[in-house]
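Below: one structure, written as C-alpha cells.
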Amino acid sequence: MLIYIFYFFIAIVVVQLFYYLGVFGKFAFAKPQHVKPKNLPVSVIVCAKNEEENVKKYIPLLAQQNYPDFEIVLIDDASSDETLEVFEEFEKEFSNIRLVKVENNEAFWGNKKYALTLGIKAAKKDYLLFTDADCFPSSKDWITSMTSQFTMNKTIVLGYGGYEKIERSFLNKIIRFETVLTAIQYFSWAKIGSPYMGVGRNLAYKKEEFFNVNGFIDHIQVRSGDDDLFINQAANKTNTTISYTPESFTYSKPKKTYKEWFTQKRRHISTAEHYKFFDKMQLGLFFLSQLFFFLLVIVLLAFQFQWIAVLAILATRYTVVWTVIGCSAGKLKENDLKIWFPVVEIALILTQINIFITNIFSKPVYWK
C-alpha cells in the first residue's frame with residue numbers, strides 16, 4: 001500500500017513542478033517591464049458604498065495623478081453615511097471629477113454591478129481604469145504605468161492590487177502571501193494566453209470590451225464578480241496583457257482580524273464557482289496538489305517509507321517553489337514574504353480548507 005502512496009506522491013510533485021515551472025515561471029522569470037507613456041484618454045472609476053473615511057483620504061491621491069487626460073468617475077451606491085456629501089465636495093473642488101448618484105433599485109438592490117454599469121455609461125473617455133474606494137495608487141504615475149500596456153490589440157490590462165504591510169502581524173503575512181500567490185496565478189495564465197481573472201482594485205479595459213459582452217448581464221445574479229467574472233468572460237489570449245511595474249501597483253488596508261479576512265475570502269472563493277470549466281479545473285487541481293503534497297509527506301515520513309527519497313523530493317520541491325515565489329514576490333515588492341513562505345503556505349492551505357467546508361453549509365454575505 002505504501003508503495004502506491006509513494007508513487008502517488010511523486011505524481012503530485014510532478015503536478016506541482018508543472019504549475020510552478022511551466023506556468024508560474026512565465027511571470028516569475030519574466031523580464032522587467034518598461035513604461036512608454038501613451039497618454040490615452042482615461043476614466044478612473046471608483047464605486048463606493050459607505051466609505052466616507054476612505055474616500056476622504058484616497059480620492060485626492062487619484063486627483064493628483066501626473067497624467068494629461070483623465071477624469072475621475074465617482075459612484076455613490078446609495079450610501080447611508082456621508083460618502084455622497086464628500087463626493088459632492090470633491091466635484092466642486094476638482095474640475096475633472098464626475099459624480100454618479102445611484103439610488104436603490106428594486107430589481108438590483110445592493111448590487112455593485114448595477115452601480116458600476118451606471119458609472120461606466122457615464123464615463124466620457126474610451127479607456128477605463130478601476131480601483132476600489134479603500135485603495136490608493138503606489139505613485140503619481142499609476143495611470144501612466146497601467147495605460148502604457150495598452151496596444152491596438154491589448155485592450156484589457158490586469159494590474160496588481162496589494163495590501164499594506166503591518167509589522168509583527170502574522171495574519172498580515174498570510175493575507176499578503178495569498179494576494180501574491182493569486183497575482184502570480186492570474187498574471188502567469190494571462191502570459192500563457194489563458195487569462196481567467198483580475199482584481200477590481202487595479203484593472204483597466206477599453207470601454208468597448210464592456211459592451212462587447214453586454215456588461216455584467218450574464219452574471220448579474222451573482223452578487224460578486226464585477227472584476228473576476230467579467231474578466232473570465234471577456235478576456236482572451238489576444239486582448240489581454242498585464243502590468244507589473246512598481247509604479248502601477250495599488251494598495252489597500254488589510255483586514256486586521258482573522259474573522260474579517262475569512263469572511264472576505266469566503267466571498268472570493270464562492271465567486272470562482274462561476275468560472276469557466278477549464279479555469280475551475282486548473283485552480284482545483286493546483287489546490288489539491290498542494291493539499292495532497294503535505295498529507296502524503298506526513299504519511300510517508302510517519303512510516304519512514306523511502307524516507308531518503310521522500311526528503312530528496314521534498315527538498316527539490318521547496319527549492320523550485322521557493323525560487324519561483326521569491327522571484328515573483330520580488331517583482332511585486334513583497335520581499336519579506338520570501339522568508340516566511342514555508343510557514344504561511346501551510347497556514348493558507350488550512351484556511352482554504354476551512355473556507356471550503358464553511359461555504360458548503362452557509363452562504364457568504366456580499367455587498368449590501
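Residue numbers start at 1 in each chain; chains themselves are named A, B, ... in the order of the C-alpha cells; ligands are numbered from 1 in the order shown.
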Residues near Pro195 (chain A), anyone? I mean within 7 Å using only C-alpha atoms, not counting same-chain ones fewer than 3 positions away, as JSON, numbers by chain. {"A": [186, 189, 190, 235, 236, 237]}
Between region 226-334 of chain A and region 1-12 of chain A, at 7 Å or less, what are the per-residue closest atom pairs and their distances in Å? Count only C-alpha atoms, order by chain and rising residue number, and return it as a tab-separated table.
```
residue	atom	partner	partner_atom	distance
A:Ser289	CA	A:Ile12	CA	5.6
A:Phe293	CA	A:Ile12	CA	6.3
A:Leu296	CA	A:Phe9	CA	6.1
```
Which neighbours of Thr117 (chain A) fall inside 10 Å, counting only C-alpha atoms, when residues of the same chain fewer than 3 positions from it are skipped, and could you give them as a ChimeraX atom specification? /A:75,112-114,120-123,210,215-217,226
Excluding same-chain residues fewer than 2 positions from region 39-52 of chain A, what lies within 8 Å of it counting only C-alpha atoms, as an MDAnalysis selection string? chainID A and resid 37 54:56 67:83 86 112 115:116 119:120 123:134 144 147
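Pairwise distance (CA of Ala204 (chain A), CA of Thr250 (chain A)) equals 12.6 Å.
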